[in-house]
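**Student:** Sharing a structure with you now.
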2 protein chains.
Amino acid sequence: MENRISTLFGIKYPIIQGGMVWCSGWRLASAVSNAGGLGLLGAGSMYPDVLLEHITKMKAATDKPWGINVPLMYPDIDALMKIIVEQQVKVVFTSAGSPKKWTPYLHEHNITVAHVVSSSKFAQKCEEAGVDAVVAEGFEAGGHNGREETTTMTLIPQVRCAINLPLIAAGGIASGNAMLAAFILGAEGVQMGTCFALSSESSASDAYKQKCCSLNEGDTMLCLKKISPTRMIKNSFYQRVEDAESKGASVDELKEILGRARAKKGIFEGDMEEGTLEIGQIASIIKDVKSAGEIVKEVIDEFNTSAGKLSDYRF
Amino acid sequence: MENRISTLFGIKYPIIQGGMVWCSGWRLASAVSNAGGLGLLGAGSMYPDVLLEHITKMKAATDKPWGINVPLMYPDIDALMKIIVEQQVKVVFTSAGSPKKWTPYLHEHNITVAHVVSSSKFAQKCEEAGVDAVVAEGFEAGGHNGREETTTMTLIPQVRCAINLPLIAAGGIASGNAMLAAFILGAEGVQMGTCFALSSESSASDAYKQKCCSLNEGDTMLCLKKISPTRMIKNSFYQRVEDAESKGASVDELKEILGRARAKKGIFEGDMEEGTLEIGQIASIIKDVKSAGEIVKEVIDEFNTSAGKLSDYRF
């Protein structure tokens, strides 16, 4: 089976590995691409020279299609885009900003552009901006998140109605059954972050991976809504944020509590209490670290098996 | 096709109409039951004598299976349960409380018991308490909601793993595709509230139905988390709550703002600005009022059509 997503990116399986800060360097992204999905370097946590190094290693590690996720509020965005064009990168996923400014530039350089949104309204803006595919991400997703809190189950069918572009579902998807459910709701591909963040090729710390693999339902929460809504594990840092928010803390007070570089501290350096441990709700179904290749294979096998059974479903 | 839910309740389609305050009287519940689903009287907004009247009318309106939803924190719960037993009601859905106290009593009187939960932990407590089926309801659902904010997409597969009981999915489900997605995630039935709240047989006010049919994505929000998390439309009352919460309002201050009988004021009496307009996120896909029978038929038709197409899905 092929569809618009697999054709657009030239991949075997319409599985995108979300570009994630401190997790998705060349090791993870090349492993996903070599397994038949689309690996993405997460440029959000890379200085331009670090990105260049990852691009170089990526080219050596795979001859399959791959891309780069670029958060558009990145401070040195011009330098980043220059490298991407010079290195003849073929695919860019943009997020956290308007796709209007950069999509024409990327298209001029023959780069396929997808953009991440959390609402149908923003999906329509993507269509107007001429992007090639949309990732619609629900409330259950880890890390930075939309303000409207629309869940994957309610978001995907609505975005499907709102736009004609190829549609990738994200948020709460870490299994073949969830991928199949997303397809039934209107998606033609899935972006999975959480399960790949916890894969053996992820550059996250072992402490973070082990912590995430031991979570129970309800152990993550969306907070920092006055700054930028972020889903993270309930640790000591989260508890300070929660206490402050409950007492009506201002944006400035929250920024002071947040400080700087907490995602690095938690995810990369392994500080389980003082870092922001960004991860999705679906982490609680993941109990051990697997290779990215195993993850892709298990998801596709379950997708195929479950789809095969459904022909008997008829009331 | 039959399954454990249709067999347990003796219904044609495993579609449960959620028992909702100010919406689900005998007209709605009997219409759903007559259409092949399971209609539920919502006892939460009925004095015992009003419930008795609805039971009497229900018996005259349908010879199909039906039940009653009983929120267990109902102030006059003993009187309610006495009527239910005396009237030989066959099915009770309990919610908002522990199923341990009332399940044995209801079973003694040959009443089938389902209980509504928002987490796997509470689903396991249902199994321990001996209930016959579990409704697992995600964050996107309208009205009173769980504290852990787990969405339907992430909740259903986890509850499926946690218990062996027949499982009904709720939250964000208002179409055959969403029903099919829920089945793939592990459910054997669906409970739909929002779409039936807006049906022609719902006893909600026309103003409320029209308001809900005009919603866009993001027009509901979960608030009142310090008292009891409740999803409602963003109206003037919501805005006051939001402003107070943002400034760190205490439980007492929020209770003062909430006052009394706001659900009745909004849903039943049609005050669109000062009532609590409880409704699910999925309301934004509903654009007009239909009969309960049309809703059931459309959901089942779409479910069958979509399931039939899936045999081609194979990567």
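Here's how to read the names in the structure tokens: chain A, B, ... by the order shown, residue numbers from 1 in each chain, ligand numbers from 1 in the order shown.
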Compile the residues of chain A that lie within 8 Å of chain B, evaluated using only C-alpha atoms, and express the compilation as a PyMOL selection string.
**Tutor:** chain A and resi 1-2+12-13+119-120+139-140+148-154+158+172-173+177-178+180-182+184-185+217-219+221+245-249+281-282+285+300+303-304+306-315
**Student:** Output the selection as a short mmCIF file (atom, residue, chain, number, x, y, z; two decimals), in the first residue's frame - N, CA and C atoms for each residue.
**Tutor:**
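Produced file out_9.cif, reproduced below:
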```
data_model
loop_
_atom_site.label_atom_id
_atom_site.label_comp_id
_atom_site.auth_asym_id
_atom_site.auth_seq_id
_atom_site.Cartn_x
_atom_site.Cartn_y
_atom_site.Cartn_z
N MET A 1 0.82 -1.21 0.00
CA MET A 1 0.00 0.00 0.00
C MET A 1 0.86 1.27 0.00
N GLU A 2 0.50 2.17 -0.88
CA GLU A 2 1.10 3.51 -0.86
C GLU A 2 0.00 4.51 -0.62
N LYS A 12 8.70 4.00 2.67
CA LYS A 12 7.95 2.74 2.60
C LYS A 12 6.72 2.78 3.50
N TYR A 13 6.90 3.27 4.72
CA TYR A 13 5.80 3.34 5.69
C TYR A 13 5.54 4.80 6.08
N SER A 119 -4.67 22.90 15.40
CA SER A 119 -6.07 23.24 15.15
C SER A 119 -6.35 23.28 13.65
N SER A 120 -7.62 23.17 13.30
CA SER A 120 -8.03 23.25 11.90
C SER A 120 -7.75 24.63 11.32
N PHE A 139 -3.74 17.18 22.09
CA PHE A 139 -3.45 17.57 23.48
C PHE A 139 -2.58 16.56 24.23
N GLU A 140 -2.68 15.28 23.86
CA GLU A 140 -1.96 14.24 24.62
C GLU A 140 -0.48 14.22 24.30
N GLU A 148 -5.69 25.29 22.51
CA GLU A 148 -7.11 24.94 22.53
C GLU A 148 -7.37 23.57 23.16
N GLU A 149 -6.31 22.79 23.36
CA GLU A 149 -6.40 21.51 24.08
C GLU A 149 -7.25 20.47 23.36
N THR A 150 -7.36 20.59 22.05
CA THR A 150 -8.13 19.61 21.28
C THR A 150 -7.35 18.29 21.19
N THR A 151 -8.02 17.20 21.50
CA THR A 151 -7.35 15.90 21.52
C THR A 151 -7.26 15.30 20.12
N THR A 152 -6.37 14.35 19.96
CA THR A 152 -6.18 13.69 18.67
C THR A 152 -7.50 13.13 18.12
N MET A 153 -8.27 12.50 18.98
CA MET A 153 -9.55 11.89 18.55
C MET A 153 -10.51 12.92 17.97
N THR A 154 -10.53 14.12 18.51
CA THR A 154 -11.45 15.14 18.01
C THR A 154 -10.79 16.03 16.94
N GLN A 158 -11.60 16.74 12.20
CA GLN A 158 -11.93 18.12 11.88
C GLN A 158 -10.90 18.73 10.92
N GLY A 172 -0.40 10.79 21.17
CA GLY A 172 -1.02 9.56 21.69
C GLY A 172 -0.84 8.34 20.82
N ILE A 173 0.04 8.43 19.83
CA ILE A 173 0.18 7.31 18.88
C ILE A 173 1.52 6.61 19.11
N ASN A 177 -2.25 -0.18 16.42
CA ASN A 177 -3.68 0.06 16.58
C ASN A 177 -3.99 1.56 16.61
N ALA A 178 -3.16 2.32 17.30
CA ALA A 178 -3.38 3.77 17.34
C ALA A 178 -3.17 4.37 15.95
N LEU A 180 -3.73 2.82 13.12
CA LEU A 180 -4.92 2.45 12.35
C LEU A 180 -6.12 3.32 12.74
N ALA A 181 -6.26 3.56 14.04
CA ALA A 181 -7.35 4.43 14.51
C ALA A 181 -7.21 5.82 13.89
N ALA A 182 -5.98 6.32 13.85
CA ALA A 182 -5.74 7.65 13.26
C ALA A 182 -6.09 7.66 11.77
N ILE A 184 -8.36 5.81 10.34
CA ILE A 184 -9.83 5.79 10.23
C ILE A 184 -10.39 7.18 10.48
N LEU A 185 -9.73 7.94 11.34
CA LEU A 185 -10.18 9.31 11.63
C LEU A 185 -9.81 10.28 10.51
N GLU A 217 -0.27 5.98 34.05
CA GLU A 217 -1.26 6.92 33.54
C GLU A 217 -1.37 8.12 34.48
N GLY A 218 -1.46 9.29 33.91
CA GLY A 218 -1.65 10.48 34.73
C GLY A 218 -0.36 11.08 35.26
N ASP A 219 0.78 10.51 34.90
CA ASP A 219 2.06 11.02 35.41
C ASP A 219 2.63 12.18 34.61
N MET A 221 1.55 16.07 32.79
CA MET A 221 0.50 17.09 32.83
C MET A 221 0.91 18.26 31.94
N GLU A 245 1.32 28.23 39.81
CA GLU A 245 0.16 28.48 38.95
C GLU A 245 -1.13 28.46 39.76
N SER A 246 -1.21 27.55 40.68
CA SER A 246 -2.40 27.43 41.51
C SER A 246 -2.62 28.69 42.33
N LYS A 247 -1.53 29.37 42.67
CA LYS A 247 -1.63 30.62 43.44
C LYS A 247 -1.72 31.84 42.53
N GLY A 248 -1.80 31.61 41.21
CA GLY A 248 -2.00 32.74 40.30
C GLY A 248 -0.72 33.42 39.86
N ALA A 249 0.38 32.69 39.79
CA ALA A 249 1.67 33.28 39.39
C ALA A 249 1.56 33.98 38.03
N GLN A 281 1.54 11.68 26.86
CA GLN A 281 0.71 10.84 27.74
C GLN A 281 0.92 9.36 27.48
N ILE A 282 1.14 9.01 26.21
CA ILE A 282 1.19 7.59 25.83
C ILE A 282 2.44 6.90 26.34
N ILE A 285 2.29 3.52 28.27
CA ILE A 285 2.17 2.15 27.70
C ILE A 285 3.55 1.58 27.32
N ILE A 300 3.95 -1.49 12.32
CA ILE A 300 3.41 -1.91 11.03
C ILE A 300 2.76 -3.30 11.12
N PHE A 303 -0.55 -2.86 12.83
CA PHE A 303 -1.46 -2.15 11.91
C PHE A 303 -2.05 -3.15 10.91
N ASN A 304 -1.18 -3.94 10.28
CA ASN A 304 -1.63 -4.90 9.26
C ASN A 304 -2.55 -5.96 9.85
N SER A 306 -4.39 -5.83 12.61
CA SER A 306 -5.68 -5.27 13.05
C SER A 306 -6.56 -4.90 11.86
N ALA A 307 -5.95 -4.32 10.82
CA ALA A 307 -6.75 -3.96 9.63
C ALA A 307 -7.35 -5.21 9.00
N GLY A 308 -6.59 -6.28 8.99
CA GLY A 308 -7.07 -7.53 8.40
C GLY A 308 -8.28 -8.11 9.10
N LYS A 309 -8.35 -7.87 10.43
CA LYS A 309 -9.46 -8.42 11.22
C LYS A 309 -10.77 -7.66 11.01
N LEU A 310 -10.66 -6.42 10.55
CA LEU A 310 -11.82 -5.54 10.58
C LEU A 310 -12.87 -5.83 9.52
N SER A 311 -12.50 -6.64 8.54
CA SER A 311 -13.50 -6.93 7.51
C SER A 311 -14.70 -7.67 8.09
N ASP A 312 -14.51 -8.28 9.29
CA ASP A 312 -15.64 -8.97 9.94
C ASP A 312 -16.54 -8.01 10.71
N TYR A 313 -16.10 -6.76 10.87
CA TYR A 313 -16.86 -5.82 11.70
C TYR A 313 -18.05 -5.31 10.90
N ARG A 314 -19.20 -5.73 11.26
CA ARG A 314 -20.40 -5.23 10.57
C ARG A 314 -21.61 -5.41 11.47
N PHE A 315 -22.28 -4.33 11.77
CA PHE A 315 -23.50 -4.42 12.58
C PHE A 315 -24.71 -4.39 11.69
#
```
**Student:** Any chance you could list, as a ChimeraX atom specification, the residues in region 72-211 of chain A that come up alpha helix (DSSP H) when DSSP is run on the backbone?
**Tutor:** /A:77-86,102-108,120-129,152-162,176-184,194-197,206-211
**Student:** Between CA of Ala136 (chain B) and CA of Thr94 (chain B), what is the distance in Å, rounded to a tenth?
**Tutor:**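 So the answer is 12.2 Å.
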**Student:** If I take CA of Ile156 (chain A) and CA of Ala187 (chain A), how far is one from the other in Å, to one decimal?
**Tutor:**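 Between CA of Ile156 (chain A) and CA of Ala187 (chain A) the gap works out to 6.8 Å.
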**Student:** Could you give me, as a ChimeraX atom specification, each residue of region 74-302 of chain B that DSSP assigns to strand (DSSP E or B) when run on this structure's backbone?
**Tutor:** /B:91-95,112-117,133-137,143-144,167-170,189-192,220-223,230-233,278
**Student:** I'd like the neighbourhood of Asp49 (chain B) as a PyMOL selection string, where a residue qualifies if any of its atoms comes within 10 Å (using only C-alpha atoms), though same-chain residues fewer than 6 positions away should be ignored.
**Tutor:** chain B and resi 55+79-80+83
**Student:** Those residues with N, CA and C atoms, as a short mmCIF file (atom, residue, chain, number, x, y, z; two decimals), in the first residue's frame please?
**Tutor:**
```
data_model
loop_
_atom_site.label_atom_id
_atom_site.label_comp_id
_atom_site.auth_asym_id
_atom_site.auth_seq_id
_atom_site.Cartn_x
_atom_site.Cartn_y
_atom_site.Cartn_z
N ILE B 55 -39.49 7.03 34.65
CA ILE B 55 -39.47 5.56 34.54
C ILE B 55 -40.82 5.08 34.00
N ALA B 79 -33.13 7.07 48.37
CA ALA B 79 -34.48 7.15 47.80
C ALA B 79 -34.46 6.78 46.31
N LEU B 80 -33.41 7.22 45.63
CA LEU B 80 -33.28 6.93 44.20
C LEU B 80 -33.13 5.43 43.95
N ILE B 83 -36.36 3.44 44.46
CA ILE B 83 -37.26 3.52 43.30
C ILE B 83 -36.78 2.61 42.18
#
```
**Student:** CA of Lys64 (chain B) and CA of Gly10 (chain B) are how many Å apart?
**Tutor:**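 Between CA of Lys64 (chain B) and CA of Gly10 (chain B) the gap works out to 8.5 Å.
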